[in-house]
$ cat structure_9.cif   # mmCIF, C-alpha atoms
data_my_file
loop_
_atom_site.label_atom_id
_atom_site.label_comp_id
_atom_site.auth_asym_id
_atom_site.auth_seq_id
_atom_site.Cartn_x
_atom_site.Cartn_y
_atom_site.Cartn_z
CA MET U 3 -5.42 16.91 53.96
CA GLU U 4 -4.21 13.55 52.80
CA GLN U 5 -6.87 13.44 50.08
CA HIS U 6 -5.79 16.88 48.89
CA LYS U 7 -2.17 15.72 48.61
CA LEU U 8 -3.29 12.65 46.70
CA SER U 9 -5.29 14.70 44.18
CA ALA U 10 -2.38 17.14 43.78
CA SER U 11 0.06 14.30 43.08
CA ARG U 12 -2.38 12.78 40.61
CA ARG U 13 -2.70 16.09 38.76
CA ALA U 14 1.09 16.40 38.64
CA TYR U 15 1.31 12.82 37.33
CA ASP U 16 -1.29 13.57 34.63
CA ARG U 17 0.51 16.75 33.60
CA THR U 18 3.81 14.89 33.36
CA LEU U 19 2.35 12.15 31.19
CA ARG U 20 0.58 14.71 29.00
CA SER U 21 3.82 16.64 28.56
CA ILE U 22 5.67 13.45 27.57
CA LEU U 23 2.90 12.61 25.09
CA TYR U 24 3.05 16.07 23.52
CA LEU U 25 6.85 15.88 23.38
CA CYS U 26 6.75 12.51 21.59
CA GLY U 27 4.16 13.85 19.14
CA PHE U 28 6.26 16.94 18.47
CA ILE U 29 9.39 14.85 17.86
CA THR U 30 7.51 12.55 15.48
CA CYS U 31 6.07 15.45 13.49
CA ALA U 32 9.43 17.23 13.45
CA LEU U 33 11.20 14.13 12.10
CA LEU U 34 8.54 13.72 9.41
CA VAL U 35 8.81 17.34 8.34
CA LEU U 36 12.62 17.12 8.39
CA ILE U 37 12.72 14.03 6.19
CA ILE U 38 10.15 15.33 3.70
CA GLY U 39 11.76 18.77 3.63
CA TYR U 40 15.25 17.40 3.05
CA ILE U 41 14.07 15.16 0.21
CA PHE U 42 12.27 18.06 -1.45
CA TYR U 43 15.25 20.36 -0.84
CA ARG U 44 17.60 17.95 -2.61
CA GLY U 45 15.19 16.48 -5.14
CA LEU U 46 13.02 19.28 -6.52
CA PRO U 47 15.92 21.31 -8.00
CA CYS U 48 17.00 18.18 -9.88
CA LEU U 49 13.58 17.58 -11.47
CA SER U 50 13.25 18.53 -15.10
CA TRP U 51 11.04 17.72 -18.05
CA GLY U 52 13.92 15.96 -19.76
CA LEU U 53 14.36 13.66 -16.76
CA VAL U 54 10.73 12.50 -16.61
CA SER U 55 10.04 12.36 -20.37
CA THR U 56 13.06 10.46 -21.74
CA GLU U 57 14.81 7.16 -21.28
CA PRO U 58 18.45 6.86 -20.23
CA SER U 59 21.06 7.01 -22.98
CA TYR U 60 24.59 5.77 -22.51
CA ILE U 61 25.63 7.34 -25.82
CA ASN U 62 24.49 10.83 -24.82
CA ASP U 63 25.30 10.22 -21.15
CA THR U 64 21.82 11.32 -20.04
CA ILE U 65 19.43 10.00 -17.42
CA GLY U 66 15.70 9.56 -17.97
CA ILE U 67 13.06 7.85 -15.84
CA LEU U 68 10.16 7.63 -18.30
CA PRO U 69 10.50 3.80 -18.53
CA ASN U 70 10.41 3.55 -14.74
CA ILE U 71 7.30 5.72 -14.51
CA LEU U 72 5.52 3.59 -17.11
CA ASN U 73 6.62 0.35 -15.46
CA THR U 74 5.32 1.55 -12.10
CA LEU U 75 1.99 2.37 -13.73
CA TYR U 76 1.87 -1.08 -15.38
CA LEU U 77 2.59 -2.79 -12.05
CA VAL U 78 -0.15 -0.84 -10.25
CA ILE U 79 -2.78 -1.53 -12.91
CA LEU U 80 -2.06 -5.25 -13.33
CA ALA U 81 -1.67 -5.96 -9.62
CA MET U 82 -4.92 -4.19 -8.71
CA VAL U 83 -6.85 -5.85 -11.53
CA ILE U 84 -5.80 -9.25 -10.20
CA VAL U 85 -6.01 -8.62 -6.46
CA LEU U 86 -9.36 -6.79 -6.27
CA PRO U 87 -11.62 -9.71 -7.27
CA LEU U 88 -9.57 -12.13 -5.16
CA GLY U 89 -9.36 -9.96 -2.05
CA VAL U 90 -12.91 -8.64 -2.04
CA GLY U 91 -14.34 -12.04 -2.97
CA ALA U 92 -12.40 -13.78 -0.20
CA ALA U 93 -13.52 -11.18 2.35
CA ILE U 94 -17.16 -11.54 1.30
CA TYR U 95 -16.98 -15.32 1.62
CA LEU U 96 -15.27 -15.23 5.01
CA THR U 97 -17.69 -12.64 6.40
CA GLU U 98 -21.01 -13.57 4.83
CA TYR U 99 -20.89 -17.24 3.81
CA ALA U 100 -18.32 -19.18 5.85
CA ARG U 101 -19.85 -21.19 8.68
CA ASN U 102 -16.73 -22.86 10.09
CA ARG U 103 -15.55 -20.13 12.46
CA ARG U 104 -12.40 -22.05 13.36
CA LEU U 105 -11.35 -22.13 9.70
CA VAL U 106 -12.12 -18.41 9.40
CA ALA U 107 -9.98 -17.71 12.46
CA VAL U 108 -7.09 -19.68 10.96
CA ILE U 109 -7.35 -17.79 7.67
CA GLU U 110 -7.50 -14.44 9.46
CA PHE U 111 -4.42 -15.39 11.48
CA ALA U 112 -2.62 -16.34 8.27
CA THR U 113 -3.47 -13.00 6.62
CA GLU U 114 -2.30 -11.09 9.68
CA THR U 115 0.95 -13.05 9.64
CA LEU U 116 1.52 -12.38 5.94
CA THR U 117 1.29 -8.63 6.49
CA GLY U 118 4.31 -8.79 8.81
CA ILE U 119 6.63 -10.74 6.50
CA PRO U 120 9.50 -8.62 5.07
CA SER U 121 9.07 -7.76 1.41
CA ILE U 122 12.44 -9.24 0.46
CA ILE U 123 11.06 -12.66 1.44
CA PHE U 124 8.15 -12.15 -0.97
CA GLY U 125 10.68 -11.25 -3.65
CA LEU U 126 12.68 -14.43 -3.13
CA VAL U 127 9.55 -16.58 -3.03
CA GLY U 128 8.18 -14.82 -6.13
CA MET U 129 11.43 -15.45 -8.00
CA LEU U 130 11.35 -19.12 -6.99
CA VAL U 131 7.67 -19.72 -7.80
CA PHE U 132 6.86 -17.41 -10.72
CA THR U 133 10.15 -17.25 -12.61
CA GLN U 134 11.68 -20.66 -11.88
CA LEU U 135 8.81 -23.05 -11.26
CA MET U 136 6.23 -21.41 -13.54
CA GLY U 137 8.77 -20.37 -16.16
CA LEU U 138 7.77 -16.71 -16.37
CA LYS U 139 10.42 -14.28 -17.51
CA THR U 140 11.51 -11.42 -15.30
CA GLY U 141 9.06 -8.60 -15.97
CA VAL U 142 5.85 -6.85 -15.03
CA LEU U 143 3.78 -10.05 -14.89
CA ALA U 144 6.04 -11.82 -12.39
CA GLY U 145 6.41 -8.61 -10.39
CA SER U 146 2.66 -8.01 -10.33
CA LEU U 147 1.92 -11.56 -9.18
CA THR U 148 4.42 -11.13 -6.36
CA LEU U 149 2.81 -7.84 -5.39
CA VAL U 150 -0.61 -9.53 -5.43
CA VAL U 151 0.59 -11.99 -2.79
CA MET U 152 1.93 -9.07 -0.74
CA ILE U 153 -1.14 -6.84 -0.80
CA LEU U 154 -3.82 -9.54 -0.80
CA PRO U 155 -3.89 -9.73 3.03
CA THR U 156 -4.33 -5.96 3.23
CA ILE U 157 -7.29 -6.00 0.84
CA VAL U 158 -8.88 -8.98 2.59
CA ARG U 159 -8.56 -7.57 6.11
CA THR U 160 -9.69 -4.03 5.27
CA THR U 161 -12.66 -5.37 3.33
CA GLN U 162 -13.57 -7.72 6.16
CA GLU U 163 -13.49 -4.97 8.75
CA SER U 164 -15.56 -2.75 6.49
CA LEU U 165 -18.15 -5.49 5.96
CA LYS U 166 -18.38 -6.08 9.70
CA THR U 167 -19.31 -2.44 10.29
CA VAL U 168 -22.54 -2.85 8.30
CA PRO U 169 -25.40 -3.26 10.82
CA GLN U 170 -26.96 -6.70 10.95
CA SER U 171 -30.39 -5.09 10.67
CA TYR U 172 -29.56 -4.11 7.07
CA ARG U 173 -29.04 -7.75 6.18
CA GLU U 174 -32.15 -8.90 8.02
CA GLY U 175 -34.25 -6.19 6.38
CA ALA U 176 -33.10 -7.15 2.88
CA LEU U 177 -33.73 -10.84 3.52
CA ALA U 178 -37.15 -10.05 4.99
CA LEU U 179 -38.09 -8.24 1.79
CA GLY U 180 -37.40 -11.41 -0.19
CA ALA U 181 -33.87 -10.71 -1.45
CA GLY U 182 -31.57 -13.67 -1.85
CA LYS U 183 -28.24 -13.98 -0.10
CA TRP U 184 -26.13 -12.75 -3.01
CA ARG U 185 -28.57 -9.99 -3.90
CA MET U 186 -28.49 -8.81 -0.29
CA VAL U 187 -24.68 -8.75 -0.31
CA ARG U 188 -24.49 -7.05 -3.70
CA THR U 189 -27.13 -4.37 -3.20
CA VAL U 190 -27.00 -3.68 0.55
CA VAL U 191 -23.78 -4.82 2.20
CA LEU U 192 -21.22 -3.87 -0.46
CA PRO U 193 -22.56 -0.33 -1.08
CA SER U 194 -22.57 0.29 2.66
CA SER U 195 -18.93 -0.81 3.03
CA VAL U 196 -17.48 0.69 -0.14
CA ASP U 197 -15.62 3.40 1.80
CA GLY U 198 -13.44 0.89 3.61
CA ILE U 199 -12.83 -1.10 0.44
CA VAL U 200 -11.72 1.99 -1.48
CA THR U 201 -9.47 3.12 1.36
CA GLY U 202 -7.83 -0.32 1.50
CA CYS U 203 -7.26 -0.27 -2.27
CA ILE U 204 -5.64 3.17 -2.13
CA LEU U 205 -3.34 2.05 0.69
CA ALA U 206 -2.44 -1.05 -1.34
CA VAL U 207 -1.54 1.17 -4.29
CA GLY U 208 0.70 3.17 -1.97
CA ARG U 209 2.55 0.01 -0.97
CA ILE U 210 2.97 -0.99 -4.62
CA VAL U 211 4.43 2.40 -5.52
CA GLY U 212 6.89 2.28 -2.63
CA GLU U 213 7.97 -1.34 -3.04
CA SER U 214 11.46 -2.19 -4.26
CA ALA U 215 12.82 -5.29 -2.52
CA ALA U 216 10.19 -7.64 -3.93
CA LEU U 217 10.63 -6.26 -7.45
CA LEU U 218 14.40 -6.57 -7.62
CA TYR U 219 14.14 -10.32 -8.24
CA THR U 220 10.87 -10.47 -10.15
CA ALA U 221 10.40 -7.34 -12.28
CA GLY U 222 14.08 -6.70 -13.00
CA PHE U 223 16.17 -3.63 -13.78
CA GLY U 224 15.10 -2.81 -17.36
CA VAL U 225 15.25 0.88 -18.34
CA VAL U 226 13.84 0.72 -21.88
CA VAL U 227 10.42 2.10 -22.83
CA ASN U 228 8.11 -0.83 -23.62
CA ASN U 229 4.41 -1.08 -24.19
CA PHE U 230 2.27 -2.90 -21.66
CA PHE U 231 2.24 -6.30 -23.37
CA THR U 232 5.96 -6.29 -24.11
CA SER U 233 6.80 -5.35 -20.53
CA LEU U 234 4.95 -8.40 -19.19
CA GLN U 235 7.85 -10.67 -20.14
CA THR U 236 10.66 -8.09 -20.27
CA ALA U 237 12.81 -6.79 -17.43
CA SER U 238 11.11 -3.58 -16.25
CA GLY U 239 12.43 -1.50 -13.37
CA SER U 240 10.00 0.55 -11.28
CA LEU U 241 10.72 3.97 -9.79
CA THR U 242 11.92 2.50 -6.50
CA VAL U 243 14.23 0.08 -8.30
CA ALA U 244 15.60 2.99 -10.34
CA LEU U 245 16.17 4.91 -7.10
CA TYR U 246 18.19 1.99 -5.78
CA MET U 247 20.18 1.65 -9.00
CA TYR U 248 21.11 5.32 -9.29
CA SER U 249 22.02 5.60 -5.61
CA GLU U 250 24.30 2.57 -5.99
CA LYS U 251 25.99 4.18 -9.00
CA GLY U 252 26.52 7.45 -7.15
CA GLU U 253 23.98 9.42 -9.21
CA THR U 254 22.66 11.24 -6.17
CA GLU U 255 20.87 13.99 -8.11
CA ALA U 256 18.77 11.50 -10.05
CA ALA U 257 18.19 9.46 -6.88
CA PHE U 258 16.91 12.47 -4.95
CA ALA U 259 14.75 13.53 -7.90
CA ILE U 260 13.11 10.09 -7.96
CA ALA U 261 12.74 10.22 -4.17
CA ALA U 262 10.93 13.56 -4.49
CA ILE U 263 8.57 12.07 -7.08
CA LEU U 264 7.87 9.08 -4.83
CA MET U 265 7.28 11.37 -1.87
CA ILE U 266 4.78 13.42 -3.89
CA LEU U 267 3.01 10.23 -4.95
CA THR U 268 2.94 8.94 -1.36
CA LEU U 269 1.47 12.17 -0.01
CA ALA U 270 -1.08 12.27 -2.84
CA ILE U 271 -2.13 8.66 -2.21
CA ASN U 272 -2.54 9.21 1.55
CA LEU U 273 -4.47 12.44 1.05
CA THR U 274 -6.68 10.70 -1.52
CA ALA U 275 -7.35 7.86 0.92
CA ASN U 276 -8.37 10.29 3.67
CA TRP U 277 -10.50 12.34 1.30
CA ALA U 278 -12.19 9.27 -0.15
CA GLY U 279 -12.94 7.91 3.30
CA HIS U 280 -14.57 11.16 4.49
CA LYS U 281 -16.39 11.68 1.20
CA LEU U 282 -17.88 8.20 1.07
CA LYS U 283 -18.93 8.34 4.73
CA LYS U 284 -20.97 11.44 3.98
#
$ encode --input "structure_9.cif" --output "structure tokens"
Amino acid sequence: MEQHKLSASRRAYDRTLRSILYLCGFITCALLVLIIGYIFYRGLPCLSWGLVSTEPSYINDTIGILPNILNTLYLVILAMVIVLPLGVGAAIYLTEYARNRRLVAVIEFATETLTGIPSIIFGLVGMLVFTQLMGLKTGVLAGSLTLVVMILPTIVRTTQESLKTVPQSYREGALALGAGKWRMVRTVVLPSSVDGIVTGCILAVGRIVGESAALLYTAGFGVVVNNFFTSLQTASGSLTVALYMYSEKGETEAAFAIAAILMILTLAINLTANWAGHKLKK
């Protein structure tokens, strides 16, 4: 009888916890749908071809975000070109070549710590180091270097974890067949871990697209269409910086339109990351 009461109370306890879990999940999904729906409800009606294909004009009193779209694209390209060799190379060294495990642990702790630092701190440090100490002008180059420091820990950690999932027997088999260390890494380990590397890169791109605080002090507020090389040393505002500027000026329609574009890009990047991960695993 006592055992029956105990099992009944345990089942009631499990049902209660399961109900709380489902309730929390429902609230989380409802909040997500509410936020996305509200942004689309306010932003999509404000989107137009003239908004995304022109630059702002104070003479005609019009708003255009073409410079911000191009600047965001420049930042993504330059930051990824710089960070990929550094991040993947550092992860390969730490996982495959480093012998001092204490040093590796310290570096891993440092990368984990860097991922938790607020982005505004990266912006202030980037302004101090890249624009004041190194003498770079406010623009895409200084902004991209700041973003590299921000997303480097993400690339390193995701690549490391992906490399660690490769079975040790793959390495031993390649070495037993006479392959050198680098050839083994290049032809066996890297192809087997490419899914994690690609997923980490896509997530890093998502952080670049959504970043604003770090770019306020390094990339600037420029709203003029420039080519890639001119924008390197010219103030160039990204989409998120433009969102901040227009919201501060009270241009809520333009702000919500940019927010809708950013939301579409965020959803596309996350769906691409999931699709790439499943596709490469197959």
$ closest_residue --input "structure_9.cif" --among "U:Val83, U:Glu250, U:Ala176, U:Ser50" --to "Leu68 (chain U)" --atoms "only C-alpha atoms"
U:Ser50
$ atom_distance --input "structure_9.cif" --atom1 "CA of Ala100 (chain U)" --atom2 "CA of Val207 (chain U)"
28.3 Å
$ atom_distance --input "structure_9.cif" --atom1 "CA of Met265 (chain U)" --atom2 "CA of Ser233 (chain U)"
25.1 Å
$ residues_around --input "structure_9.cif" --residues "region 32-48 of chain U" --least-positions-apart "2" --cutoff "9 Å" --atoms "all atoms listed in the file" --output "JSON, numbers by chain"
{"U": [27, 28, 29, 30, 50, 53, 255, 256, 257, 258, 259, 260, 261, 262, 263, 265]}
$ closest_atom_pairs --input "structure_9.cif" --of "region 71-119 of chain U" --to "region 145-161 of chain U" --cutoff "8 Å" --atoms "all atoms listed in the file" --output "tab-separated table"
residue	atom	partner	partner_atom	distance
U:Leu77	CA	U:Ser146	CA	5.5
U:Val78	CA	U:Ser146	CA	7.7
U:Leu80	CA	U:Ser146	CA	6.2
U:Ala81	CA	U:Ser146	CA	4.8
U:Met82	CA	U:Val150	CA	7.6
U:Ile84	CA	U:Val150	CA	7.1
U:Val85	CA	U:Val150	CA	5.6
U:Leu86	CA	U:Ile157	CA	7.4
U:Leu88	CA	U:Leu154	CA	7.7
U:Gly89	CA	U:Val158	CA	4.8
U:Val90	CA	U:Val158	CA	6.1
U:Ala92	CA	U:Val158	CA	6.6
U:Ala93	CA	U:Val158	CA	5.1
U:Ile94	CA	U:Thr161	CA	7.9
U:Glu110	CA	U:Arg159	CA	7.7
U:Thr113	CA	U:Pro155	CA	4.9
U:Glu114	CA	U:Pro155	CA	7.0
U:Leu116	CA	U:Pro155	CA	6.7
U:Thr117	CA	U:Pro155	CA	6.3
$ write_last_selection --input "structure_9.cif" --atoms "C-alpha atoms" --output "JSON list (two decimals), keeping the file's coordinate frame"
[["chain", "number", "residue", "atom", "x", "y", "z"],
["U", 77, "LEU", "CA", 2.59, -2.79, -12.05],
["U", 78, "VAL", "CA", -0.15, -0.84, -10.25],
["U", 80, "LEU", "CA", -2.06, -5.25, -13.33],
["U", 81, "ALA", "CA", -1.67, -5.96, -9.62],
["U", 82, "MET", "CA", -4.92, -4.19, -8.71],
["U", 84, "ILE", "CA", -5.80, -9.25, -10.20],
["U", 85, "VAL", "CA", -6.01, -8.62, -6.46],
["U", 86, "LEU", "CA", -9.36, -6.79, -6.27],
["U", 88, "LEU", "CA", -9.57, -12.13, -5.16],
["U", 89, "GLY", "CA", -9.36, -9.96, -2.05],
["U", 90, "VAL", "CA", -12.91, -8.64, -2.04],
["U", 92, "ALA", "CA", -12.40, -13.78, -0.20],
["U", 93, "ALA", "CA", -13.52, -11.18, 2.35],
["U", 94, "ILE", "CA", -17.16, -11.54, 1.30],
["U", 110, "GLU", "CA", -7.50, -14.44, 9.46],
["U", 113, "THR", "CA", -3.47, -13.00, 6.62],
["U", 114, "GLU", "CA", -2.30, -11.09, 9.68],
["U", 116, "LEU", "CA", 1.52, -12.38, 5.94],
["U", 117, "THR", "CA", 1.29, -8.63, 6.49]]
$ atom_distance --input "structure_9.cif" --atom1 "CA of Leu165 (chain U)" --atom2 "CA of Val191 (chain U)"
6.8 Å
$ resolve_selection --input "structure_9.cif" --expression "the PyMOL selection byres ((chain U and resi 196) around 12)" --output "ChimeraX atom specification"
/U:90,160-168,187-195,197-203,278-283
$ write_last_selection --input "structure_9.cif" --atoms "C-alpha atoms" --output "JSON list (two decimals), in the coordinates of the input"
[["chain", "number", "residue", "atom", "x", "y", "z"],
["U", 90, "VAL", "CA", -12.91, -8.64, -2.04],
["U", 160, "THR", "CA", -9.69, -4.03, 5.27],
["U", 161, "THR", "CA", -12.66, -5.37, 3.33],
["U", 162, "GLN", "CA", -13.57, -7.72, 6.16],
["U", 163, "GLU", "CA", -13.49, -4.97, 8.75],
["U", 164, "SER", "CA", -15.56, -2.75, 6.49],
["U", 165, "LEU", "CA", -18.15, -5.49, 5.96],
["U", 166, "LYS", "CA", -18.38, -6.08, 9.70],
["U", 167, "THR", "CA", -19.31, -2.44, 10.29],
["U", 168, "VAL", "CA", -22.54, -2.85, 8.30],
["U", 187, "VAL", "CA", -24.68, -8.75, -0.31],
["U", 188, "ARG", "CA", -24.49, -7.05, -3.70],
["U", 189, "THR", "CA", -27.13, -4.37, -3.20],
["U", 190, "VAL", "CA", -27.00, -3.68, 0.55],
["U", 191, "VAL", "CA", -23.78, -4.82, 2.20],
["U", 192, "LEU", "CA", -21.22, -3.87, -0.46],
["U", 193, "PRO", "CA", -22.56, -0.33, -1.08],
["U", 194, "SER", "CA", -22.57, 0.29, 2.66],
["U", 195, "SER", "CA", -18.93, -0.81, 3.03],
["U", 197, "ASP", "CA", -15.62, 3.40, 1.80],
["U", 198, "GLY", "CA", -13.44, 0.89, 3.61],
["U", 199, "ILE", "CA", -12.83, -1.10, 0.44],
["U", 200, "VAL", "CA", -11.72, 1.99, -1.48],
["U", 201, "THR", "CA", -9.47, 3.12, 1.36],
["U", 202, "GLY", "CA", -7.83, -0.32, 1.50],
["U", 203, "CYS", "CA", -7.26, -0.27, -2.27],
["U", 278, "ALA", "CA", -12.19, 9.27, -0.15],
["U", 279, "GLY", "CA", -12.94, 7.91, 3.30],
["U", 280, "HIS", "CA", -14.57, 11.16, 4.49],
["U", 281, "LYS", "CA", -16.39, 11.68, 1.20],
["U", 282, "LEU", "CA", -17.88, 8.20, 1.07],
["U", 283, "LYS", "CA", -18.93, 8.34, 4.73]]
$ closest_residue --input "structure_9.cif" --among "U:Leu217, U:Val106, U:Leu23, U:Val211" --to "Ile266 (chain U)" --atoms "all atoms listed in the file"
U:Val211
$ closest_residue --input "structure_9.cif" --among "U:Trp184, U:Phe124, U:Tyr76, U:Phe132" --to "Gly91 (chain U)" --atoms "only C-alpha atoms"
U:Trp184
$ residues_near_point --input "structure_9.cif" --point "(16.9, 3.7, -13.3)" --cutoff "7 Å" --atoms "only C-alpha atoms" --output "list in words"
Ile67, Asn70, Val225, Gly239, Val243, Ala244, Leu245, Met247 and Tyr248 of chain U
$ decode --input "structure_9.cif" --residues "region 244-260 of chain U" --atoms "N, CA and C atoms" --output "compact mmCIF listing (two decimals), in the first residue's frame"
# COMPACT_ATOMS: atom_id res chain seq x y z
N ALA U 244 22.12 51.66 -39.08
CA ALA U 244 21.05 52.46 -39.68
C ALA U 244 19.75 52.32 -38.90
N LEU U 245 19.46 51.11 -38.43
CA LEU U 245 18.27 50.90 -37.60
C LEU U 245 18.34 51.76 -36.34
N TYR U 246 19.49 51.80 -35.72
CA TYR U 246 19.66 52.63 -34.52
C TYR U 246 19.50 54.11 -34.86
N MET U 247 20.09 54.55 -35.95
CA MET U 247 20.03 55.96 -36.32
C MET U 247 18.60 56.40 -36.61
N TYR U 248 17.88 55.61 -37.41
CA TYR U 248 16.52 56.02 -37.78
C TYR U 248 15.56 55.95 -36.59
N SER U 249 15.78 54.98 -35.70
CA SER U 249 14.92 54.92 -34.51
C SER U 249 15.18 56.11 -33.60
N GLU U 250 16.45 56.55 -33.52
CA GLU U 250 16.76 57.72 -32.71
C GLU U 250 16.14 58.99 -33.29
N LYS U 251 16.06 59.06 -34.61
CA LYS U 251 15.48 60.24 -35.27
C LYS U 251 13.96 60.21 -35.32
N GLY U 252 13.35 59.13 -34.89
CA GLY U 252 11.91 59.02 -34.92
C GLY U 252 11.35 58.49 -36.22
N GLU U 253 12.20 58.02 -37.12
CA GLU U 253 11.75 57.44 -38.39
C GLU U 253 11.39 55.97 -38.15
N THR U 254 10.24 55.76 -37.52
CA THR U 254 9.87 54.41 -37.12
C THR U 254 9.56 53.50 -38.31
N GLU U 255 9.02 54.05 -39.39
CA GLU U 255 8.70 53.22 -40.55
C GLU U 255 9.97 52.64 -41.16
N ALA U 256 10.99 53.48 -41.34
CA ALA U 256 12.25 52.98 -41.87
C ALA U 256 12.91 52.02 -40.90
N ALA U 257 12.82 52.31 -39.60
CA ALA U 257 13.42 51.43 -38.60
C ALA U 257 12.78 50.04 -38.62
N PHE U 258 11.45 49.99 -38.70
CA PHE U 258 10.78 48.69 -38.74
C PHE U 258 11.04 47.98 -40.06
N ALA U 259 11.18 48.72 -41.15
CA ALA U 259 11.51 48.09 -42.43
C ALA U 259 12.88 47.43 -42.36
N ILE U 260 13.86 48.12 -41.78
CA ILE U 260 15.19 47.54 -41.62
C ILE U 260 15.14 46.35 -40.66
